[in-house]
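*Asks:* Have a look at this one.
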Amino acid sequence: MANSPKAVHVAVGVINNANGEIFISKRHKDLHQGDKWEFPGGKVEAEETVYDALVRELREECNIQVQSASPLTVIHHNYGDKRVVLDVWRVISFSGEIAQREGQEWRWVPVYALQAYQFPEANEAIIDLLVD
Ligand SMILES: Nc1nc2c([nH]c(=O)n2[C@H]2C[C@H](O)[C@@H](COP(=O)(O)OP(=O)(O)OP(=O)(O)O)O2)c(=O)[nH]1
Ligand SMILES: [Mg+2]
C-alpha cells in the first residue's frame, strides 16, 4: 500500500559451531513475534551498513566478534502489523565465547531439528535453505 510504513530492515546471522549446529534464541514474549525462536540479529540503524549492523547485533546479543560473514539470502515478509526485510548472513568466523547476553533462552540445534521449533513465518524460507 502506498501509505504503509516502510519495511524494517533487519540483519540476521546464522552461526554454526564445530558440530554444524546452529545458534538460536527465543524472542521475549512481549516483542513482535514474541515467544518464537529466532536467529540473532536486529534492526539496521540509520547510517549503518547491514554488515555493521550484523557485527553490532551479534556482539550485543551473543557476545561474539564476527570476523567474516557472507550473504545467504534476503527475505521480504509482511506480517500484516509489520513488514520486514531480513538480510540473512552466514557467519564464517568469529572470536569470543558465544552466550546470550539479553536473558533470552538459547541453544545450539542441529540443522535437521530446526523444523521442530516455532520460528516467525518469514524464517521458513531460511530454514528450507539450510536444510537443503
Ligand atoms: N532477529 C531476528 N528478527 C527476526 C527473525 N525473523 C523475523 O521475522 N524477525 C523479525 C521480528 C522483528 O519484527 C524484526 C526484528 O526486530 P527486533 O525488534 O527484534 O530488532 P532489535 O533486536 O534490533 O530490537 P530493538 O532492540 O531495536 O527494539 O524482525 C529472526 O530470525 N531474527
Ligand atoms: Mg534482536
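In the C-alpha cells, the first chain shown is A, the next is B, and so on; residue numbers restart at 1 for each chain, and ligands run from 1 in the order shown.
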For ligand 2, return the neighbouring residues as an MDAnalysis selection string (distance at most 10 Å; only C-alpha atoms and all ligand atoms).
*Replies:* chainID A and resid 10:12 25 27:28 31 38:43 57:58 60:61 102
*Asks:* Just the strand (DSSP E) stuff from stretch 72-111 of chain A, please, per backbone DSSP, written as a PyMOL selection string.
*Replies:* chain A and resi 72-78+83-95+106-109
*Asks:* Choose the residue, out of A:Asp132, A:Glu124, A:Glu48, A:Glu105, that has the smallest atom-to-atom separation from ligand 1; count only C-alpha atoms and all ligand atoms.
*Replies:*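 When distances to ligand 1 are compared using only C-alpha atoms and all ligand atoms, the smallest one comes from A:Glu124.
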*Asks:* Given the choices A:Gly103, A:Pro110, A:Gly80, A:Gly96, which gets closest to A:His32 if the distance is worked out from only C-alpha atoms?
*Replies:*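 Smallest distance to A:His32 is found for A:Gly80.
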*Asks:* Could you pull out the alpha helix (DSSP H) residues of stretch 8-120 of chain A, going by DSSP on the backbone, and write them as a ChimeraX atom specification?
*Replies:* /A:50-62
*Asks:* List as a ChimeraX atom specification the protein and nucleic acid residues near A:Gln100, meaning an atom at most 7 Å away when only C-alpha atoms are counted, but skip any in the same chain fewer than 4 places from it.
*Replies:* /A:61-62,104,106
*Asks:* Find the residues near A:Leu130: any atom within 9 Å, counting only C-alpha atoms, skip ones fewer than 4 places away on the same chain, and give them as a list of chain:residue names.
*Replies:*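 Near neighbours after the sequence-gap exclusion: A:Val111, A:Tyr112, A:Ala125, A:Ile126.
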*Asks:* Write out as a compact mmCIF listing (two decimals) with C-alpha atoms, in the first residue's frame each polymer residue whose atoms come within 10 Å of A:Asn16, counting only C-alpha atoms; drop sequence neighbours fewer than 4 positions from it.
*Replies:*
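Everything below was put into around.txt:
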```txt
# COMPACT_ATOMS: atom_id res chain seq x y z
CA GLY A 20 27.45 -27.91 12.49
CA GLU A 21 24.74 -26.93 14.97
CA ILE A 22 23.06 -23.54 14.68
CA PHE A 23 22.61 -20.92 17.40
CA ARG A 90 26.15 -16.87 7.31
CA VAL A 91 28.83 -16.20 9.87
CA ILE A 92 32.05 -17.75 8.59
CA SER A 93 34.26 -16.99 11.56
CA TRP A 108 22.59 -24.99 19.64
CA VAL A 109 20.36 -27.02 17.35
CA PRO A 110 21.30 -29.50 14.60
CA VAL A 111 20.06 -28.38 11.20
```
*Asks:* Go ahead and compute the interatomic distance for atom CA of A:Asn19 and atom CA of A:Leu114, in Å to one decimal.
*Replies:* 14.6 Å
*Asks:* Of the candidates A:Asn63, A:Asn78, A:Ser68, A:Gln33, which shows the shortest atom-to-atom distance to ligand 1, using only C-alpha atoms and all ligand atoms?
*Replies:* A:Gln33
